[in-house]
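Structure file query.cif; described as mmCIF, C-alpha atoms, pLDDT in the B column; chains and numbers go by the auth columns.
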data_structure
loop_
_atom_site.group_PDB
_atom_site.id
_atom_site.type_symbol
_atom_site.label_atom_id
_atom_site.label_comp_id
_atom_site.label_asym_id
_atom_site.label_seq_id
_atom_site.Cartn_x
_atom_site.Cartn_y
_atom_site.Cartn_z
_atom_site.B_iso_or_equiv
_atom_site.auth_seq_id
_atom_site.auth_asym_id
ATOM 1 C CA MET A 1 -8.820 -23.391 -5.134 54.00 1 U
ATOM 2 C CA ALA A 2 -8.173 -19.686 -5.576 76.00 2 U
ATOM 3 C CA ARG A 3 -4.787 -18.532 -4.472 82.00 3 U
ATOM 4 C CA SER A 4 -3.124 -15.194 -3.795 88.00 4 U
ATOM 5 C CA THR A 5 0.576 -14.999 -4.452 89.00 5 U
ATOM 6 C CA PHE A 6 3.088 -12.215 -4.197 90.00 6 U
ATOM 7 C CA ILE A 7 6.682 -12.548 -5.320 93.00 7 U
ATOM 8 C CA TYR A 8 9.621 -10.352 -4.445 93.00 8 U
ATOM 9 C CA VAL A 9 13.017 -10.722 -6.063 94.00 9 U
ATOM 10 C CA THR A 10 16.198 -8.821 -5.415 93.00 10 U
ATOM 11 C CA TYR A 11 19.907 -9.268 -6.026 93.00 11 U
ATOM 12 C CA ILE A 12 22.136 -8.531 -3.049 93.00 12 U
ATOM 13 C CA ARG A 13 25.923 -8.338 -3.242 93.00 13 U
ATOM 14 C CA THR A 14 26.727 -10.733 -0.423 94.00 14 U
ATOM 15 C CA THR A 15 27.061 -14.444 0.267 95.00 15 U
ATOM 16 C CA ARG A 16 24.204 -16.880 0.838 96.00 16 U
ATOM 17 C CA GLU A 17 25.523 -17.639 4.335 96.00 17 U
ATOM 18 C CA ARG A 18 25.527 -13.984 5.338 94.00 18 U
ATOM 19 C CA LEU A 19 22.055 -13.407 3.867 96.00 19 U
ATOM 20 C CA TRP A 20 20.679 -16.535 5.533 96.00 20 U
ATOM 21 C CA SER A 21 21.943 -15.304 8.878 95.00 21 U
ATOM 22 C CA ALA A 22 20.428 -11.836 8.246 94.00 22 U
ATOM 23 C CA LEU A 23 17.047 -13.434 7.492 95.00 23 U
ATOM 24 C CA THR A 24 17.047 -15.856 10.423 95.00 24 U
ATOM 25 C CA GLU A 25 19.139 -16.041 13.606 91.00 25 U
ATOM 26 C CA ASP A 26 20.752 -12.594 13.574 93.00 26 U
ATOM 27 C CA SER A 27 17.839 -10.847 15.287 92.00 27 U
ATOM 28 C CA GLU A 28 19.773 -7.675 16.150 92.00 28 U
ATOM 29 C CA PHE A 29 20.666 -7.252 12.482 92.00 29 U
ATOM 30 C CA MET A 30 17.077 -8.006 11.493 93.00 30 U
ATOM 31 C CA LYS A 31 15.766 -5.208 13.747 93.00 31 U
ATOM 32 C CA GLN A 32 17.931 -2.727 11.847 91.00 32 U
ATOM 33 C CA TYR A 33 16.325 -3.400 8.469 91.00 33 U
ATOM 34 C CA TRP A 34 12.862 -4.534 9.629 91.00 34 U
ATOM 35 C CA PHE A 35 11.828 -1.412 11.558 89.00 35 U
ATOM 36 C CA GLY A 36 12.501 -2.994 14.965 92.00 36 U
ATOM 37 C CA VAL A 37 10.845 -6.325 14.141 93.00 37 U
ATOM 38 C CA HIS A 38 12.610 -9.619 14.749 94.00 38 U
ATOM 39 C CA CYS A 39 11.775 -13.310 14.533 96.00 39 U
ATOM 40 C CA GLN A 40 12.269 -16.083 17.063 96.00 40 U
ATOM 41 C CA SER A 41 12.784 -19.669 16.006 97.00 41 U
ATOM 42 C CA GLU A 42 15.248 -22.539 16.064 97.00 42 U
ATOM 43 C CA TRP A 43 15.011 -22.335 12.241 97.00 43 U
ATOM 44 C CA ARG A 44 14.708 -26.115 11.808 97.00 44 U
ATOM 45 C CA ALA A 45 11.835 -27.947 10.132 98.00 45 U
ATOM 46 C CA GLY A 46 9.044 -28.289 12.684 97.00 46 U
ATOM 47 C CA SER A 47 10.327 -25.476 14.945 98.00 47 U
ATOM 48 C CA PRO A 48 7.802 -22.884 16.086 98.00 48 U
ATOM 49 C CA TRP A 49 8.303 -19.448 14.553 97.00 49 U
ATOM 50 C CA LYS A 50 7.231 -16.063 15.917 97.00 50 U
ATOM 51 C CA MET A 51 7.504 -12.520 14.666 95.00 51 U
ATOM 52 C CA ILE A 52 7.917 -9.941 17.432 95.00 52 U
ATOM 53 C CA SER A 53 7.070 -6.295 16.813 92.00 53 U
ATOM 54 C CA ALA A 54 9.219 -3.377 17.987 92.00 54 U
ATOM 55 C CA GLU A 55 6.786 -3.060 20.933 94.00 55 U
ATOM 56 C CA GLY A 56 7.478 -6.684 21.933 94.00 56 U
ATOM 57 C CA GLU A 57 4.127 -8.104 20.795 95.00 57 U
ATOM 58 C CA VAL A 58 3.740 -11.318 18.780 95.00 58 U
ATOM 59 C CA SER A 59 2.305 -10.076 15.486 93.00 59 U
ATOM 60 C CA ASP A 60 2.592 -13.304 13.500 95.00 60 U
ATOM 61 C CA ALA A 61 3.271 -16.928 14.390 96.00 61 U
ATOM 62 C CA GLY A 62 3.565 -20.355 12.819 97.00 62 U
ATOM 63 C CA GLU A 63 6.233 -22.923 12.182 98.00 63 U
ATOM 64 C CA ILE A 64 9.175 -23.722 9.973 98.00 64 U
ATOM 65 C CA VAL A 65 8.012 -26.129 7.278 98.00 65 U
ATOM 66 C CA GLU A 66 11.331 -26.576 5.467 98.00 66 U
ATOM 67 C CA SER A 67 14.814 -25.409 6.361 98.00 67 U
ATOM 68 C CA ASP A 68 17.766 -26.025 4.086 98.00 68 U
ATOM 69 C CA PRO A 69 20.462 -23.486 4.993 97.00 69 U
ATOM 70 C CA PRO A 70 21.650 -21.420 3.208 97.00 70 U
ATOM 71 C CA SER A 71 19.322 -21.960 0.252 98.00 71 U
ATOM 72 C CA ARG A 72 15.681 -22.497 1.182 98.00 72 U
ATOM 73 C CA LEU A 73 13.339 -21.695 4.048 98.00 73 U
ATOM 74 C CA VAL A 74 9.570 -22.204 4.146 98.00 74 U
ATOM 75 C CA ILE A 75 7.515 -20.673 6.961 97.00 75 U
ATOM 76 C CA ARG A 76 3.866 -21.409 7.743 97.00 76 U
ATOM 77 C CA TRP A 77 2.741 -17.951 8.715 94.00 77 U
ATOM 78 C CA GLN A 78 -0.435 -16.795 10.437 94.00 78 U
ATOM 79 C CA HIS A 79 -1.148 -13.272 11.515 93.00 79 U
ATOM 80 C CA GLN A 80 -2.115 -12.970 15.204 94.00 80 U
ATOM 81 C CA LYS A 81 -3.228 -9.439 16.036 92.00 81 U
ATOM 82 C CA THR A 82 -5.938 -8.263 13.629 91.00 82 U
ATOM 83 C CA PRO A 83 -8.923 -10.687 13.896 93.00 83 U
ATOM 84 C CA GLU A 84 -9.939 -10.529 10.209 92.00 84 U
ATOM 85 C CA LEU A 85 -6.380 -11.290 9.078 91.00 85 U
ATOM 86 C CA LYS A 86 -6.009 -14.069 11.645 92.00 86 U
ATOM 87 C CA ALA A 87 -9.288 -15.566 10.392 92.00 87 U
ATOM 88 C CA GLU A 88 -7.774 -16.040 6.934 93.00 88 U
ATOM 89 C CA GLY A 89 -5.611 -18.813 8.394 92.00 89 U
ATOM 90 C CA SER A 90 -2.077 -19.759 7.443 94.00 90 U
ATOM 91 C CA SER A 91 -0.057 -18.470 4.553 94.00 91 U
ATOM 92 C CA LEU A 92 3.169 -19.957 3.240 96.00 92 U
ATOM 93 C CA CYS A 93 6.262 -17.828 2.895 96.00 93 U
ATOM 94 C CA THR A 94 9.106 -19.345 0.875 97.00 94 U
ATOM 95 C CA LEU A 95 12.555 -17.755 0.846 97.00 95 U
ATOM 96 C CA GLU A 96 15.008 -18.946 -1.790 97.00 96 U
ATOM 97 C CA LEU A 97 18.648 -17.872 -1.874 97.00 97 U
ATOM 98 C CA GLU A 98 20.418 -18.608 -5.131 97.00 98 U
ATOM 99 C CA ALA A 99 24.091 -17.816 -5.771 96.00 99 U
ATOM 100 C CA VAL A 100 24.638 -15.813 -8.972 94.00 100 U
ATOM 101 C CA PRO A 101 27.974 -14.253 -10.073 92.00 101 U
ATOM 102 C CA GLY A 102 28.921 -11.606 -7.495 90.00 102 U
ATOM 103 C CA ALA A 103 25.588 -11.667 -5.695 93.00 103 U
ATOM 104 C CA VAL A 104 22.750 -13.665 -4.220 95.00 104 U
ATOM 105 C CA LYS A 105 19.319 -13.750 -5.813 95.00 105 U
ATOM 106 C CA LEU A 106 16.751 -13.607 -3.036 95.00 106 U
ATOM 107 C CA SER A 107 13.216 -14.664 -4.000 96.00 107 U
ATOM 108 C CA ILE A 108 10.395 -14.405 -1.504 95.00 108 U
ATOM 109 C CA THR A 109 7.064 -15.991 -2.437 94.00 109 U
ATOM 110 C CA HIS A 110 4.154 -15.405 -0.099 92.00 110 U
ATOM 111 C CA THR A 111 1.033 -17.445 -0.845 92.00 111 U
ATOM 112 C CA ILE A 112 -2.335 -18.048 0.756 92.00 112 U
ATOM 113 C CA GLU A 113 -5.072 -20.374 -0.515 90.00 113 U
ATOM 114 C CA ARG A 114 -7.676 -17.662 -0.954 87.00 114 U
ATOM 115 C CA ASP A 115 -8.276 -14.796 -3.311 83.00 115 U
ATOM 116 C CA PRO A 116 -8.522 -11.980 -2.505 85.00 116 U
ATOM 117 C CA SER A 117 -6.544 -12.073 0.722 88.00 117 U
ATOM 118 C CA LYS A 118 -6.286 -9.155 3.116 88.00 118 U
ATOM 119 C CA LEU A 119 -3.259 -10.746 4.739 87.00 119 U
ATOM 120 C CA ILE A 120 -1.363 -10.894 1.450 83.00 120 U
ATOM 121 C CA ALA A 121 -2.457 -7.337 0.655 81.00 121 U
ATOM 122 C CA ALA A 122 -1.173 -6.260 4.082 82.00 122 U
ATOM 123 C CA VAL A 123 2.232 -7.928 3.730 80.00 123 U
ATOM 124 C CA SER A 124 2.593 -6.748 0.131 75.00 124 U
ATOM 125 C CA GLY A 125 3.127 -3.180 1.326 74.00 125 U
ATOM 126 C CA GLY A 126 5.746 -4.289 3.822 85.00 126 U
ATOM 127 C CA TRP A 127 7.957 -6.746 1.952 89.00 127 U
ATOM 128 C CA PRO A 128 9.397 -4.334 -0.655 88.00 128 U
ATOM 129 C CA LYS A 129 10.416 -1.843 2.050 89.00 129 U
ATOM 130 C CA VAL A 130 11.960 -4.563 4.202 91.00 130 U
ATOM 131 C CA ILE A 131 13.872 -6.130 1.310 91.00 131 U
ATOM 132 C CA SER A 132 15.072 -2.820 -0.064 89.00 132 U
ATOM 133 C CA ASN A 133 16.270 -1.861 3.419 90.00 133 U
ATOM 134 C CA LEU A 134 17.988 -5.245 3.873 93.00 134 U
ATOM 135 C CA LYS A 135 19.817 -4.876 0.554 92.00 135 U
ATOM 136 C CA SER A 136 20.953 -1.381 1.442 89.00 136 U
ATOM 137 C CA LEU A 137 22.083 -2.403 4.947 92.00 137 U
ATOM 138 C CA ILE A 138 24.074 -5.427 3.738 93.00 138 U
ATOM 139 C CA GLU A 139 25.666 -3.642 0.769 91.00 139 U
ATOM 140 C CA THR A 140 26.382 -0.226 2.270 88.00 140 U
ATOM 141 C CA GLY A 141 26.104 -0.701 6.020 82.00 141 U
ATOM 142 C CA THR A 142 23.198 1.761 6.251 76.00 142 U
ATOM 143 C CA ALA A 143 19.452 1.165 6.132 74.00 143 U
ATOM 144 C CA MET A 144 17.727 3.671 3.821 67.00 144 U
ATOM 145 C CA LEU A 145 14.418 3.923 5.638 66.00 145 U
ATOM 146 C CA SER A 146 14.016 4.069 9.394 63.00 146 U
ATOM 147 C CA ASP A 147 10.238 4.544 9.355 61.00 147 U
ATOM 148 C CA PRO A 148 8.005 1.803 7.938 60.00 148 U
ATOM 149 C CA ARG A 149 5.481 4.419 6.756 53.00 149 U
ATOM 150 C CA PRO A 150 7.656 7.179 5.296 47.00 150 U
ATOM 151 C CA CYS A 151 4.815 8.849 3.375 43.00 151 U
ATOM 152 C CA ASN A 152 2.143 9.053 6.001 37.00 152 U
ATOM 153 C CA HIS A 153 3.170 11.979 8.140 33.00 153 U
ATOM 154 C CA MET B 1 29.226 -0.445 -12.644 46.00 154 E
ATOM 155 C CA ALA B 2 26.794 -3.330 -12.148 62.00 155 E
ATOM 156 C CA GLU B 3 24.696 -1.030 -10.005 68.00 156 E
ATOM 157 C CA ARG B 4 24.618 1.608 -12.731 71.00 157 E
ATOM 158 C CA ARG B 5 23.679 -0.920 -15.410 74.00 158 E
ATOM 159 C CA ASN B 6 20.798 -2.128 -13.230 82.00 159 E
ATOM 160 C CA THR B 7 19.564 1.403 -12.646 87.00 160 E
ATOM 161 C CA ASP B 8 19.787 2.235 -16.357 92.00 161 E
ATOM 162 C CA ALA B 9 17.850 -0.936 -17.244 93.00 162 E
ATOM 163 C CA LEU B 10 15.202 -0.068 -14.684 94.00 163 E
ATOM 164 C CA PHE B 11 14.585 3.500 -15.869 95.00 164 E
ATOM 165 C CA LYS B 12 14.705 2.394 -19.494 96.00 165 E
ATOM 166 C CA ALA B 13 12.116 -0.301 -18.745 97.00 166 E
ATOM 167 C CA LEU B 14 9.815 2.283 -17.175 97.00 167 E
ATOM 168 C CA ALA B 15 10.259 4.776 -20.027 97.00 168 E
ATOM 169 C CA ASP B 16 7.633 3.167 -22.250 97.00 169 E
ATOM 170 C CA PRO B 17 3.830 3.395 -21.991 97.00 170 E
ATOM 171 C CA SER B 18 3.196 -0.225 -23.051 97.00 171 E
ATOM 172 C CA ARG B 19 5.580 -1.538 -20.426 97.00 172 E
ATOM 173 C CA ARG B 20 4.004 0.662 -17.767 97.00 173 E
ATOM 174 C CA LYS B 21 0.629 -0.680 -18.861 97.00 174 E
ATOM 175 C CA LEU B 22 1.914 -4.249 -18.448 97.00 175 E
ATOM 176 C CA LEU B 23 3.000 -3.412 -14.899 97.00 176 E
ATOM 177 C CA ASP B 24 -0.451 -1.936 -14.189 96.00 177 E
ATOM 178 C CA LEU B 25 -2.115 -5.066 -15.574 96.00 178 E
ATOM 179 C CA LEU B 26 -0.011 -7.286 -13.340 95.00 179 E
ATOM 180 C CA HIS B 27 -0.642 -5.038 -10.368 92.00 180 E
ATOM 181 C CA ALA B 28 -4.401 -5.429 -10.919 90.00 181 E
ATOM 182 C CA ASN B 29 -4.167 -9.176 -11.448 88.00 182 E
ATOM 183 C CA ASP B 30 -0.855 -10.891 -10.859 89.00 183 E
ATOM 184 C CA GLY B 31 0.478 -14.145 -12.270 92.00 184 E
ATOM 185 C CA ARG B 32 -0.713 -13.857 -15.895 95.00 185 E
ATOM 186 C CA THR B 33 0.369 -15.718 -19.001 96.00 186 E
ATOM 187 C CA LEU B 34 1.558 -14.078 -22.216 97.00 187 E
ATOM 188 C CA ASN B 35 -1.778 -14.848 -23.889 96.00 188 E
ATOM 189 C CA GLN B 36 -3.739 -13.198 -21.099 96.00 189 E
ATOM 190 C CA LEU B 37 -1.539 -10.089 -21.280 96.00 190 E
ATOM 191 C CA CYS B 38 -1.822 -9.904 -25.081 96.00 191 E
ATOM 192 C CA GLU B 39 -5.591 -9.423 -24.803 95.00 192 E
ATOM 193 C CA TYR B 40 -5.085 -5.987 -23.301 94.00 193 E
ATOM 194 C CA LEU B 41 -2.445 -4.635 -25.663 94.00 194 E
ATOM 195 C CA ASP B 42 -2.950 -3.597 -29.242 93.00 195 E
ATOM 196 C CA MET B 43 0.253 -5.124 -30.560 94.00 196 E
ATOM 197 C CA THR B 44 1.675 -8.376 -31.841 96.00 197 E
ATOM 198 C CA ARG B 45 2.507 -11.289 -29.582 96.00 198 E
ATOM 199 C CA GLN B 46 6.190 -10.765 -30.484 97.00 199 E
ATOM 200 C CA GLY B 47 5.916 -7.123 -29.424 97.00 200 E
ATOM 201 C CA VAL B 48 4.484 -8.055 -26.030 97.00 201 E
ATOM 202 C CA THR B 49 7.169 -10.751 -25.607 97.00 202 E
ATOM 203 C CA GLN B 50 9.898 -8.166 -26.230 97.00 203 E
ATOM 204 C CA HIS B 51 8.412 -5.737 -23.706 98.00 204 E
ATOM 205 C CA LEU B 52 8.144 -8.514 -21.130 97.00 205 E
ATOM 206 C CA LYS B 53 11.805 -9.389 -21.719 97.00 206 E
ATOM 207 C CA VAL B 54 12.866 -5.781 -21.032 97.00 207 E
ATOM 208 C CA LEU B 55 10.798 -5.791 -17.824 97.00 208 E
ATOM 209 C CA GLU B 56 12.271 -9.157 -16.819 96.00 209 E
ATOM 210 C CA ASP B 57 15.840 -7.927 -17.442 94.00 210 E
ATOM 211 C CA ALA B 58 15.117 -4.937 -15.212 95.00 211 E
ATOM 212 C CA ASN B 59 13.886 -7.371 -12.518 95.00 212 E
ATOM 213 C CA LEU B 60 10.425 -5.765 -12.595 97.00 213 E
ATOM 214 C CA ILE B 61 8.848 -9.092 -13.504 97.00 214 E
ATOM 215 C CA ALA B 62 9.426 -12.452 -11.869 95.00 215 E
ATOM 216 C CA ILE B 63 8.645 -15.641 -13.781 95.00 216 E
ATOM 217 C CA VAL B 64 7.055 -18.704 -12.229 93.00 217 E
ATOM 218 C CA TRP B 65 6.524 -21.904 -14.210 93.00 218 E
ATOM 219 C CA ARG B 66 3.364 -23.793 -13.369 90.00 219 E
ATOM 220 C CA GLY B 67 3.587 -26.945 -15.456 93.00 220 E
ATOM 221 C CA ARG B 68 4.081 -25.683 -19.002 93.00 221 E
ATOM 222 C CA GLU B 69 2.532 -22.302 -18.237 94.00 222 E
ATOM 223 C CA LYS B 70 4.838 -19.326 -17.825 95.00 223 E
ATOM 224 C CA LEU B 71 3.291 -16.943 -15.316 96.00 224 E
ATOM 225 C CA HIS B 72 4.416 -13.323 -15.009 97.00 225 E
ATOM 226 C CA PHE B 73 4.408 -11.689 -11.588 96.00 226 E
ATOM 227 C CA LEU B 74 5.053 -8.053 -10.812 95.00 227 E
ATOM 228 C CA ASN B 75 8.182 -7.648 -8.695 95.00 228 E
ATOM 229 C CA PRO B 76 7.806 -4.324 -6.875 92.00 229 E
ATOM 230 C CA VAL B 77 11.210 -4.404 -5.139 91.00 230 E
ATOM 231 C CA PRO B 78 13.106 -2.299 -7.753 92.00 231 E
ATOM 232 C CA LEU B 79 10.330 0.329 -7.570 91.00 232 E
ATOM 233 C CA GLN B 80 10.833 0.482 -3.825 87.00 233 E
ATOM 234 C CA GLU B 81 14.563 0.930 -4.429 86.00 234 E
ATOM 235 C CA ILE B 82 13.824 3.874 -6.741 88.00 235 E
ATOM 236 C CA TYR B 83 11.581 5.272 -4.056 85.00 236 E
ATOM 237 C CA ASP B 84 14.252 4.894 -1.358 82.00 237 E
ATOM 238 C CA ARG B 85 17.063 6.196 -3.522 83.00 238 E
ATOM 239 C CA TRP B 86 15.406 8.935 -5.553 83.00 239 E
ATOM 240 C CA ILE B 87 12.359 10.135 -3.623 80.00 240 E
ATOM 241 C CA ALA B 88 12.413 9.439 0.116 77.00 241 E
ATOM 242 C CA LYS B 89 15.673 11.251 0.743 74.00 242 E
ATOM 243 C CA PHE B 90 14.764 14.412 -1.131 74.00 243 E
ATOM 244 C CA GLU B 91 12.846 16.502 1.344 63.00 244 E
ATOM 245 C CA LYS B 92 9.866 14.252 1.631 67.00 245 E
ATOM 246 C CA SER B 93 7.897 16.538 3.935 70.00 246 E
ATOM 247 C CA ARG B 94 8.176 19.461 1.520 71.00 247 E
ATOM 248 C CA LEU B 95 7.236 17.236 -1.388 68.00 248 E
ATOM 249 C CA LYS B 96 4.146 16.217 0.505 75.00 249 E
ATOM 250 C CA ALA B 97 3.293 19.869 1.206 76.00 250 E
ATOM 251 C CA ILE B 98 3.534 20.653 -2.515 77.00 251 E
ATOM 252 C CA ALA B 99 1.484 17.585 -3.456 76.00 252 E
ATOM 253 C CA ASP B 100 -1.189 18.608 -0.927 80.00 253 E
ATOM 254 C CA LEU B 101 -1.203 22.181 -2.250 81.00 254 E
ATOM 255 C CA LYS B 102 -1.596 20.945 -5.831 80.00 255 E
ATOM 256 C CA LYS B 103 -4.443 18.651 -4.816 81.00 256 E
ATOM 257 C CA GLN B 104 -6.151 21.480 -2.900 80.00 257 E
ATOM 258 C CA LEU B 105 -5.830 23.985 -5.759 81.00 258 E
ATOM 259 C CA GLU B 106 -6.964 21.548 -8.426 82.00 259 E
ATOM 260 C CA LYS B 107 -9.975 20.591 -6.348 81.00 260 E
ATOM 261 C CA GLY B 108 -10.894 24.306 -6.375 69.00 261 E
ATOM 262 C CA ASN B 109 -10.901 24.281 -10.196 65.00 262 E
ATOM 263 C CA GLY B 110 -13.426 21.466 -10.485 50.00 263 E
#
When written as structure tokens, how does the structure in this file appear?
Amino acid sequence: MARSTFIYVTYIRTTRERLWSALTEDSEFMKQYWFGVHCQSEWRAGSPWKMISAEGEVSDAGEIVESDPPSRLVIRWQHQKTPELKAEGSSLCTLELEAVPGAVKLSITHTIERDPSKLIAAVSGGWPKVISNLKSLIETGTAMLSDPRPCNH
Amino acid sequence: MAERRNTDALFKALADPSRRKLLDLLHANDGRTLNQLCEYLDMTRQGVTQHLKVLEDANLIAIVWRGREKLHFLNPVPLQEIYDRWIAKFEKSRLKAIADLKKQLEKGNG
């Protein structure tokens, strides 16, 4: 079956434990690098997972497929708001945290079993900004971008 | 120092038309093998391999193994970091005004 995959890799000077927390339970920290967005989950395999927008709406939902802190997290992820994206069904988002000397290699793989996918196209604009902001916030204490659409004004 | 080395590797990787073409090819159709990429470039397989290595070292390409196939994926995160570090902070509204002006004037020429 056709598949759409996007991969994002970055190296962040931190520990896997700190990065895991920033990507999961630390929702106040998440809001700082994810333009007000945070996620709600127990972060265990089988737990429901929800992404809440800055306005408090559920934009995406699904469940935790695999959870192996602080190294691997797999989320079954379905968009909820835009009907044509919701109709594409579930995607899989895999986060891998690998310790390398002085840093953590974060790899995010987002896959859906269809090609082309509007959902994957939609998240592909967002992930690099979110990850770049996360790296900046963890390493320097300041998020670079405060607006998710810095070019469109 | 590590930060500077990464930045140097990134700009060096981008400072070559064949490597930029490889990034464009992956942007159009991600997850390609070396053989698939070679079809689009007028150079030896070894030449393409070397360019891919430079892009990989700059973290602009992520590798995924599917069985014995080595698939190359575009990793846009370092480009976003260049954007954040070198473009967004420098007067973005004025840059947009100049870009709009250029577009407007050049449209007039056509």
Open item on the list: Env of Leu190 of chain E: 8 Å cut, atoms = all atoms listed in the file, seq-sep filter 3 positions within chain, self excluded. Answer as a list of chain:residue names.
Closed with: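 Skipping anything fewer than 3 positions along the chain leaves E:Leu175, E:Leu178, E:Arg185, E:Thr186, E:Leu187, E:Tyr193, E:Leu194, E:Val201.
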Open item on the list: Report as an MDAnalysis selection string all protein, DNA and RNA residues lying within 12 Å of segment 13-28 of chain U, evaluated on all atoms listed in the file, omitting residues in the same chain fewer than 5 positions from it.
Closed with: (chainID U and resid 33:44 49:54 64 67:75 94:108 130:131 133:141) or (chainID E and resid 155:156)
Task: Residues matched by the PyMOL selection byres ((chain U) within 6 of (chain E)) as a list in words - done: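 That expression, the PyMOL selection byres ((chain U) within 6 of (chain E)), corresponds here to Tyr8, Pro128 and Ser132 of chain U.
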For the selection you just gave me, I'd like the residues written to a file as a PDB file, in the frame of the given file, keeping C-alpha atoms.
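Final file, result.pdb:
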ATOM      1  CA  TYR U   8       9.621 -10.352  -4.445  1.00 93.00           C
ATOM      2  CA  PRO U 128       9.397  -4.334  -0.655  1.00 88.00           C
ATOM      3  CA  SER U 132      15.072  -2.820  -0.064  1.00 89.00           C
TER       4      SER U 132
END
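With distances taken over all atoms listed in the file, E:Arg172 is the one residue among E:Arg221, E:Arg172, E:Arg157, E:Arg247 lying closest to Leu205 of chain E.
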TODO: List the residues matched by the PyMOL selection byres ((chain U and resi 92) around 7) in the displayed structure as a PyMOL selection string, ordered by chain and then by residue number.
DONE: chain U and resi 74-77+90-91+93-94+110-112
Task: Å distance separating atom CA of Asp169 of chain E from atom CA of Ala252 of chain E, one decimal place - done: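 Between atom CA of Asp169 of chain E and atom CA of Ala252 of chain E the gap works out to 24.5 Å.
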- [ ] Taking the file as shown, find all residues satisfying the PyMOL selection byres ((chain U and resi 117) around 12) and write them as an NGL selection string.
- [x] :U and (2-6 or 84-91 or 110-116 or 118-124)
Write the residues you've just listed into a file as a PDB file, in the frame of the given file, and include C-alpha atoms for each of them.
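Just written: again35.pdb:
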ATOM      1  CA  ALA U   2      -8.173 -19.686  -5.576  1.00 76.00           C
ATOM      2  CA  ARG U   3      -4.787 -18.532  -4.472  1.00 82.00           C
ATOM      3  CA  SER U   4      -3.124 -15.194  -3.795  1.00 88.00           C
ATOM      4  CA  THR U   5       0.576 -14.999  -4.452  1.00 89.00           C
ATOM      5  CA  PHE U   6       3.088 -12.215  -4.197  1.00 90.00           C
ATOM      6  CA  GLU U  84      -9.939 -10.529  10.209  1.00 92.00           C
ATOM      7  CA  LEU U  85      -6.380 -11.290   9.078  1.00 91.00           C
ATOM      8  CA  LYS U  86      -6.009 -14.069  11.645  1.00 92.00           C
ATOM      9  CA  ALA U  87      -9.288 -15.566  10.392  1.00 92.00           C
ATOM     10  CA  GLU U  88      -7.774 -16.040   6.934  1.00 93.00           C
ATOM     11  CA  GLY U  89      -5.611 -18.813   8.394  1.00 92.00           C
ATOM     12  CA  SER U  90      -2.077 -19.759   7.443  1.00 94.00           C
ATOM     13  CA  SER U  91      -0.057 -18.470   4.553  1.00 94.00           C
ATOM     14  CA  HIS U 110       4.154 -15.405  -0.099  1.00 92.00           C
ATOM     15  CA  THR U 111       1.033 -17.445  -0.845  1.00 92.00           C
ATOM     16  CA  ILE U 112      -2.335 -18.048   0.756  1.00 92.00           C
ATOM     17  CA  GLU U 113      -5.072 -20.374  -0.515  1.00 90.00           C
ATOM     18  CA  ARG U 114      -7.676 -17.662  -0.954  1.00 87.00           C
ATOM     19  CA  ASP U 115      -8.276 -14.796  -3.311  1.00 83.00           C
ATOM     20  CA  PRO U 116      -8.522 -11.980  -2.505  1.00 85.00           C
ATOM     21  CA  LYS U 118      -6.286  -9.155   3.116  1.00 88.00           C
ATOM     22  CA  LEU U 119      -3.259 -10.746   4.739  1.00 87.00           C
ATOM     23  CA  ILE U 120      -1.363 -10.894   1.450  1.00 83.00           C
ATOM     24  CA  ALA U 121      -2.457  -7.337   0.655  1.00 81.00           C
ATOM     25  CA  ALA U 122      -1.173  -6.260   4.082  1.00 82.00           C
ATOM     26  CA  VAL U 123       2.232  -7.928   3.730  1.00 80.00           C
ATOM     27  CA  SER U 124       2.593  -6.748   0.131  1.00 75.00           C
TER      28      SER U 124
END
Open item on the list: Would you compute the distance between atom CA of Gln203 of chain E and atom CA of Glu222 of chain E? Give it in Å to one decimal.
Closed with: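 Computed distance, atom CA of Gln203 of chain E to atom CA of Glu222 of chain E, equals 17.8 Å.
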Task: Between atom CA of His79 of chain U and atom CA of Gly126 of chain U - distance in Å to one decimal - done: 13.7 Å
Open item on the list: Considering all atoms listed in the file, can you say which of E:Ala211, E:Met196, E:Leu179, E:Leu167 comes closest to Tyr11 of chain U?
Closed with: E:Ala211
- [ ] Select, from E:Ala181, E:Leu258, E:Leu208, E:Cys191, the residue with the minimum atom-to-atom distance to Ala168 of chain E, counting only C-alpha atoms.
- [x]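 Of the candidates, the smallest distance to Ala168 of chain E is held by E:Leu208.
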